[in-house]
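Okay, structure first, notes after.
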Amino acid sequence: MSSCQPPVFFTLVVIRHEPIAKLEKYIPDVQDALRKSGFTGQMMRFDVAQHSHPSLAVSPAAPSDDTITERSYRIFTADQRSAFTFNDQGVFAYHTAAYTTQAALFERVRMGLTLFHEIVQLQQVNRVGIRMLDLIRPSDTQHELEEFVQPSLLGFRGIECPQAGSPMISSMEQVFAGETWEARARFDCLPDHFGLNTGLLLDIQGFQLSEKVVRGGHVLHGILDTDSGSKSGSSSMYDFDVDRVMEDLSEHKTRISQLFRAAVTPVALSAWGLL
């Protein structure tokens, strides 16, 4: 049994493809096939209104002829720790709140994507990406936050700032870009109870997060949010090929691992059994 205790508590893999007209007619077959692979939990449906041409100059409450309704279907495992999401505007996603190895994660993604393709016959891949959330809570191992993350992530807390009062919330975000990819790393330092960026609420809706993650109030901790994906645009598009998708995911996962290790200290890696 591995002694590793990585801080990752939520992982999201997203593949964007062409819109699927009348996705709802395929969902019973998708659900039945997934049930045979252990996804025996509930199914949730989300209807979300989106502006096809969003503009800061237009109030979100103003009526618009460009509004479209995206329909998503999320199918869970019985313990509500993992799920697949299918969206009629062209989004396939796998989410899990349970720690897993890269091999097991990619096996699940390949299984679900292959199953979905066999039913709907996907034609095109527009973007591939992966996002991981890590809970950096050193108090679980009798350490301080300053011992677990690089000083540059601590804001003014990381420098000499006498008589400045007790430090509260701080945040740092960095975007990186290559020729064909984009990556983002964000660190939020939170002195209060566990919480998440509101932009993640839809992605985690319906999931049962570990009690170990959400427990404890008023404990200084941080959330490291890293994601990597292919750049949007025609150059990132290709004919559907599950092997190529998995190769892309592997590259993005490697990049996220590099960002993670650059953000934390050897003390943290040792405490988590990752050295």
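Here's how to read the names in the structure tokens: chain A, B, ... by the order shown, residue numbers from 1 in each chain, ligand numbers from 1 in the order shown.
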- If you run DSSP on this backbone, which residues of region 3-112 of chain A come out as helix (DSSP H, G or I), and could you give them as a list in words? Leu23, Glu24, Lys25, Ile27, Pro28, Asp29, Val30, Gln31, Asp32, Ala33, Leu34, Arg35, Gln102, Ala103, Ala104, Leu105, Phe106, Glu107, Arg108, Val109, Arg110, Met111 and Gly112 of chain A
- Tell me, as a list in words, which residues lie within 8 Å of region 65-80 of chain A, counting only C-alpha atoms; anything in the same chain fewer than 4 positions away does not count. Ile27, Gln31, Gly38, Phe39, Thr40, Gly41, Gln42, Met43, Met44, Arg45, Phe46, Asp47, Val48, Ala49, Gln50, His51, Ser52, His53, Phe84, Thr85, Phe86, Asn87, Asp88, Gln89, Gly206, Phe207 and Gln208 of chain A
- Query: Neighbours of region 170-174 of chain A within 9 Å (only C-alpha atoms; same-chain residues fewer than 6 positions away dropped), as a list in words?
  - Reply: Ser152, Leu153, Leu154, Gly155, Phe156, Arg157, Ala183, Arg184, Ala185, Arg186, Phe187, Asp188, Cys189 and Leu190 of chain A
Include C-alpha atoms and write out the residues we just selected as an mmCIF file, in the first residue's frame.
```
data_model
loop_
_atom_site.group_PDB
_atom_site.id
_atom_site.type_symbol
_atom_site.label_atom_id
_atom_site.label_comp_id
_atom_site.auth_asym_id
_atom_site.auth_seq_id
_atom_site.Cartn_x
_atom_site.Cartn_y
_atom_site.Cartn_z
ATOM 1 C CA SER A 152 6.098 34.212 -3.396
ATOM 2 C CA LEU A 153 2.641 32.647 -2.947
ATOM 3 C CA LEU A 154 2.053 34.202 0.455
ATOM 4 C CA GLY A 155 1.682 37.819 -0.653
ATOM 5 C CA PHE A 156 2.692 40.332 1.990
ATOM 6 C CA ARG A 157 2.657 37.497 4.509
ATOM 7 C CA ALA A 183 -1.643 26.862 -18.319
ATOM 8 C CA ARG A 184 -2.782 28.713 -15.222
ATOM 9 C CA ALA A 185 -1.845 28.428 -11.576
ATOM 10 C CA ARG A 186 -3.740 30.177 -8.792
ATOM 11 C CA PHE A 187 -3.104 30.074 -5.065
ATOM 12 C CA ASP A 188 -5.683 31.352 -2.574
ATOM 13 C CA CYS A 189 -4.624 31.721 1.063
ATOM 14 C CA LEU A 190 -7.693 31.383 3.292
#
```
Which residues of region 161-273 of chain A have any atom within 6 Å of an atom in region 127-138 of chain A when counting only C-alpha atoms, and what is the closest pair of atoms for each, with the distance in Å to one decimal? Order the rows by chain and rising number and write it as a Markdown table.
```
| residue | atom | partner | partner_atom | distance |
| --- | --- | --- | --- | --- |
| A:His221 | CA | A:Arg137 | CA | 4.6 |
| A:Gly222 | CA | A:Ile136 | CA | 4.9 |
| A:Ile223 | CA | A:Leu135 | CA | 4.9 |
| A:Leu224 | CA | A:Asp134 | CA | 5.0 |
| A:Asp225 | CA | A:Leu133 | CA | 4.7 |
| A:Thr226 | CA | A:Met132 | CA | 5.5 |
| A:Asp227 | CA | A:Arg131 | CA | 4.0 |
| A:Ser228 | CA | A:Gly129 | CA | 5.6 |
| A:Gly229 | CA | A:Gly129 | CA | 3.8 |
| A:Ser230 | CA | A:Arg127 | CA | 5.6 |
```
Store the residues picked out above in a file with C-alpha atoms, as an mmCIF file, in the first residue's frame.
```
data_model
loop_
_atom_site.group_PDB
_atom_site.id
_atom_site.type_symbol
_atom_site.label_atom_id
_atom_site.label_comp_id
_atom_site.auth_asym_id
_atom_site.auth_seq_id
_atom_site.Cartn_x
_atom_site.Cartn_y
_atom_site.Cartn_z
ATOM 1 C CA HIS A 221 -4.795 26.946 4.652
ATOM 2 C CA GLY A 222 -4.467 27.425 0.936
ATOM 3 C CA ILE A 223 -6.002 26.056 -2.251
ATOM 4 C CA LEU A 224 -3.723 25.535 -5.229
ATOM 5 C CA ASP A 225 -5.728 25.523 -8.475
ATOM 6 C CA THR A 226 -3.775 24.468 -11.573
ATOM 7 C CA ASP A 227 -5.001 23.754 -15.076
ATOM 8 C CA SER A 228 -3.491 23.174 -18.480
ATOM 9 C CA GLY A 229 -5.207 22.910 -21.847
ATOM 10 C CA SER A 230 -4.729 23.320 -25.557
#
```
